[in-house]
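See below for the structure under consideration.
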Amino acid sequence: MQIAQRIKSLESAIFNEMEHYKKQVEARGIKVINLGVGSPDRPPAPHIIAALHRAIDNPANYRYPLQGLPALYRAVARWYQRRFGVELDPDHEVLVLMGSQDGLAHIALAYIDPGDIALVPDPGYPIYACSILLAGGEIYPMPLLAENDFLPDLDSIPEEVAVKARLMWLNYPNNPVAVSANRNFFERVVEFARRYDILVCHDIAYAELAYDGFKPMSFLEVPGAKEVGVEFYSLSKTYNMAGCRIGFAVGNRDVLAALSRLKSNIDYGVFRVVQEAGIAALEGPQDCVEETARTYQRRRDVLVDGLARYGWHMPKPNASMFVWAPLPGGYTSSRQFALELLERAGVLVIPGLAFGSRGEGYVRMALVQEEEVLAEAVERIGSAFTFR
């Protein structure tokens, strides 16, 4: 039976190829150090796990969750106020999701009709483009270039494209390029979205993985942002709850109502046990968040400083759980270099090309291994390659 064309377009050849070669290397008895997928390797804090234990014994938590727990919606609103100074109406400006990926994947179905244009960062997290393809929309890539601090150049978007665009994806702190945006940029985004009647969807999943005293801002802090956009947040990275599948969208009430209407026809909500854990995470002690950020900062330093000693230099990110590394001298293909790194050093990274054509010339490394493992990765790479 023939599968739909839209499904064929979702498969990432590069991700699959890297996994295939990883298995070949492991078959030779080499333990691969995997810096590919950005999956948190630390457990949730004890008070979050305790909340899960308590909630799992409550028989009432096994019914369809449907609208979700009002206490969780209030917890989200309070957290946003404490963290960003953004006031949210928990009844209309918060929508709980089965992880932020849930909302990222579905929002386009609520706002994109076949043939509609969406502005998508290149390179970018793959679900942004996938969501538009699933909805039958057309992608207009916004290049993220080093000379523009990896921010899209809104002025370079042709007028005829901007007037037809329905949706814009943004993600800061960014995956994969590991940079952040400032207030001036977000102010220009709000003005641009107002001018052309564009829905802004901002993914802020990495806001709490920030280093050296840096505090990323919310897009919604900018006056008028609620009028043009929504923001997606995940508890996966902040609280190491990736397997729990819980996140939320906040912002424009009409947009959230449309997304909620769509989702009411697709799923029955987040398991109440997980919602209870989400309340504990947002309302409980936040020292675990600070410790997680310090852990990733130390890992960043081990990797970036270690590779610099061997002559492979790359920027130190001020947030996110990734390092976006320019290819060392002599290499022009991110796929070729990533395969050589896997073959010669037993270290798996993701070619930048996997995130869009503008990702060529880079590889993405996830800080998802303990410091001693990252130090071993550095030594392996330094022994297998000469960068000077």
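Every chain in the structure tokens has a letter given in the order shown (A, B, ...), and although residue numbers restart at 1 in each chain, ligands are simply numbered from 1 in the order shown.
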*Using the chain letters and numbers from this document, which residues of region 227-351 of chain A does DSSP assign to strand (DSSP E or B), as a VMD selection string?*
chain A and resid 229 to 234 247 to 251 319 322 to 326 347 to 348 350 to 351
Could you turn the residues from that selection into a file that holds all heavy atoms, as a compact mmCIF listing (two decimals), in the first residue's frame?
# COMPACT_ATOMS: atom_id res chain seq x y z
N GLY A 229 1.24 36.76 18.97
CA GLY A 229 1.93 35.48 19.07
C GLY A 229 1.67 34.67 20.32
O GLY A 229 0.96 35.09 21.25
N VAL A 230 2.27 33.49 20.30
CA VAL A 230 2.25 32.56 21.42
C VAL A 230 3.66 32.04 21.65
O VAL A 230 4.52 32.12 20.77
CB VAL A 230 1.29 31.37 21.17
CG1 VAL A 230 -0.16 31.83 21.15
CG2 VAL A 230 1.64 30.64 19.88
N GLU A 231 3.86 31.50 22.84
CA GLU A 231 5.16 30.97 23.21
C GLU A 231 4.99 29.54 23.73
O GLU A 231 4.04 29.26 24.47
CB GLU A 231 5.76 31.86 24.30
CG GLU A 231 7.25 31.77 24.46
CD GLU A 231 7.82 33.02 25.11
OE1 GLU A 231 7.45 33.33 26.25
OE2 GLU A 231 8.64 33.70 24.45
N PHE A 232 5.90 28.66 23.33
CA PHE A 232 5.85 27.25 23.72
C PHE A 232 6.99 26.96 24.69
O PHE A 232 8.14 27.31 24.44
CB PHE A 232 5.98 26.35 22.49
CG PHE A 232 4.83 26.47 21.53
CD1 PHE A 232 4.84 27.43 20.53
CD2 PHE A 232 3.73 25.63 21.64
CE1 PHE A 232 3.79 27.54 19.64
CE2 PHE A 232 2.67 25.74 20.76
CZ PHE A 232 2.69 26.70 19.77
N TYR A 233 6.64 26.29 25.78
CA TYR A 233 7.63 25.97 26.80
C TYR A 233 7.51 24.50 27.19
O TYR A 233 6.41 23.92 27.16
CB TYR A 233 7.43 26.85 28.04
CG TYR A 233 8.55 26.75 29.04
CD1 TYR A 233 9.72 27.48 28.86
CD2 TYR A 233 8.46 25.91 30.14
CE1 TYR A 233 10.77 27.38 29.77
CE2 TYR A 233 9.50 25.80 31.05
CZ TYR A 233 10.65 26.54 30.86
OH TYR A 233 11.69 26.43 31.74
N SER A 234 8.63 23.92 27.57
CA SER A 234 8.67 22.50 27.94
C SER A 234 9.30 22.33 29.30
O SER A 234 10.25 23.03 29.65
CB SER A 234 9.48 21.73 26.89
OG SER A 234 9.73 20.41 27.33
N GLY A 247 4.27 20.12 28.78
CA GLY A 247 4.72 21.46 28.45
C GLY A 247 3.49 22.34 28.34
O GLY A 247 2.39 21.94 28.74
N PHE A 248 3.64 23.53 27.77
CA PHE A 248 2.48 24.40 27.65
C PHE A 248 2.74 25.48 26.61
O PHE A 248 3.88 25.74 26.22
CB PHE A 248 2.11 25.03 29.00
CG PHE A 248 3.26 25.68 29.73
CD1 PHE A 248 3.66 26.98 29.43
CD2 PHE A 248 3.92 25.00 30.74
CE1 PHE A 248 4.70 27.59 30.12
CE2 PHE A 248 4.97 25.60 31.44
CZ PHE A 248 5.35 26.89 31.12
N ALA A 249 1.65 26.06 26.14
CA ALA A 249 1.70 27.23 25.28
C ALA A 249 1.02 28.37 26.02
O ALA A 249 0.03 28.15 26.74
CB ALA A 249 1.00 26.97 23.95
N VAL A 250 1.53 29.58 25.85
CA VAL A 250 0.96 30.75 26.51
C VAL A 250 0.93 31.90 25.51
O VAL A 250 1.66 31.92 24.53
CB VAL A 250 1.78 31.15 27.76
CG1 VAL A 250 1.75 30.05 28.80
CG2 VAL A 250 3.23 31.46 27.39
N GLY A 251 0.05 32.87 25.81
CA GLY A 251 -0.01 34.05 24.96
C GLY A 251 -1.40 34.33 24.44
O GLY A 251 -2.39 34.28 25.19
N ALA A 319 23.56 29.92 26.32
CA ALA A 319 22.34 29.20 26.70
C ALA A 319 22.15 28.03 25.74
O ALA A 319 22.83 27.93 24.72
CB ALA A 319 21.12 30.12 26.67
N PHE A 322 23.35 22.80 23.60
CA PHE A 322 24.07 22.43 22.40
C PHE A 322 25.27 23.34 22.17
O PHE A 322 25.34 24.46 22.68
CB PHE A 322 23.16 22.51 21.17
CG PHE A 322 21.92 21.67 21.28
CD1 PHE A 322 20.69 22.25 21.53
CD2 PHE A 322 22.00 20.28 21.16
CE1 PHE A 322 19.55 21.47 21.64
CE2 PHE A 322 20.87 19.50 21.28
CZ PHE A 322 19.64 20.09 21.52
N VAL A 323 26.20 22.83 21.38
CA VAL A 323 27.31 23.62 20.85
C VAL A 323 27.20 23.55 19.33
O VAL A 323 27.07 22.45 18.76
CB VAL A 323 28.67 23.09 21.33
CG1 VAL A 323 29.81 23.81 20.60
CG2 VAL A 323 28.80 23.24 22.84
N TRP A 324 27.22 24.70 18.69
CA TRP A 324 27.13 24.80 17.22
C TRP A 324 28.54 25.09 16.72
O TRP A 324 29.03 26.21 16.82
CB TRP A 324 26.15 25.90 16.84
CG TRP A 324 25.79 26.04 15.40
CD1 TRP A 324 25.99 27.15 14.63
CD2 TRP A 324 25.12 25.09 14.56
NE1 TRP A 324 25.49 26.95 13.36
CE2 TRP A 324 24.94 25.69 13.29
CE3 TRP A 324 24.65 23.79 14.75
CZ2 TRP A 324 24.32 25.04 12.23
CZ3 TRP A 324 24.04 23.14 13.69
CH2 TRP A 324 23.88 23.75 12.45
N ALA A 325 29.19 24.07 16.23
CA ALA A 325 30.62 24.13 15.96
C ALA A 325 30.92 24.28 14.47
O ALA A 325 30.53 23.41 13.67
CB ALA A 325 31.31 22.88 16.49
N PRO A 326 31.62 25.34 14.08
CA PRO A 326 32.06 25.45 12.68
C PRO A 326 33.01 24.30 12.34
O PRO A 326 33.79 23.86 13.19
CB PRO A 326 32.78 26.79 12.63
CG PRO A 326 32.38 27.51 13.87
CD PRO A 326 32.06 26.47 14.89
N VAL A 347 32.86 9.23 18.11
CA VAL A 347 32.04 10.30 18.69
C VAL A 347 30.98 10.68 17.67
O VAL A 347 31.30 11.02 16.52
CB VAL A 347 32.89 11.53 19.05
CG1 VAL A 347 32.00 12.65 19.58
CG2 VAL A 347 33.95 11.16 20.08
N LEU A 348 29.71 10.64 18.10
CA LEU A 348 28.60 10.94 17.20
C LEU A 348 28.12 12.36 17.41
O LEU A 348 27.77 12.76 18.53
CB LEU A 348 27.45 9.96 17.42
CG LEU A 348 26.30 10.01 16.40
CD1 LEU A 348 25.63 8.65 16.29
CD2 LEU A 348 25.24 11.06 16.75
N ILE A 350 25.81 15.61 15.05
CA ILE A 350 24.83 15.73 13.96
C ILE A 350 25.32 16.75 12.94
O ILE A 350 25.65 17.89 13.30
CB ILE A 350 23.45 16.17 14.50
CG1 ILE A 350 22.94 15.16 15.53
CG2 ILE A 350 22.46 16.30 13.35
CD1 ILE A 350 22.74 13.75 15.01
N PRO A 351 25.40 16.36 11.67
CA PRO A 351 25.79 17.33 10.63
C PRO A 351 24.81 18.50 10.59
O PRO A 351 23.59 18.32 10.69
CB PRO A 351 25.71 16.51 9.33
CG PRO A 351 25.75 15.07 9.77
CD PRO A 351 25.11 15.03 11.12
*For region 270-285 of chain A: contacts at 6 Å, only C-alpha atoms, fewer than 4 positions along chain excluded, given as a list in words*: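 Surrounding residues, per the criterion: Ile48, Ala51, Leu52, Ala55, Ile56, Asn61, Leu72 and Met98 of chain A.
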*Restricting the calculation to only C-alpha atoms, which member of A:Gly329, A:Leu353, A:Ala225, A:Ser320 is positioned closest to Ala13 (chain A)?*
A:Leu353
_Option closest in space to Pro176 (chain A), from A:Pro59, A:Pro44, A:Pro141, A:Pro123 [counting only C-alpha atoms]_ =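 Looking only at the distances to Pro176 (chain A), the closest residue turns out to be A:Pro123.
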*Pick from A:Cys288, A:Arg63, A:Gly99, A:Asp203: nearest to Cys244 (chain A), with only C-alpha atoms counted?*
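Of A:Cys288, A:Arg63, A:Gly99, A:Asp203, the one nearest Cys244 (chain A) is A:Gly99, counting only C-alpha atoms.
For the pair CA of Ile139 (chain A) and CA of Glu227 (chain A), the separation is 23.3 Å.
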*Can you tell me how far CA of Arg78 (chain A) sits from CA of Tyr128 (chain A), in Å to one decimal?*
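Going from CA of Arg78 (chain A) over to CA of Tyr128 (chain A), I get 28.2 Å.
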*For Lys31 (chain A): contacts at 10 Å, only C-alpha atoms, fewer than 3 positions along chain excluded, given as a list of chain:residue names*: A:Lys22, A:Val25, A:Glu26, A:Ala27, A:Arg28, A:Asn34, A:Gly346, A:Val347
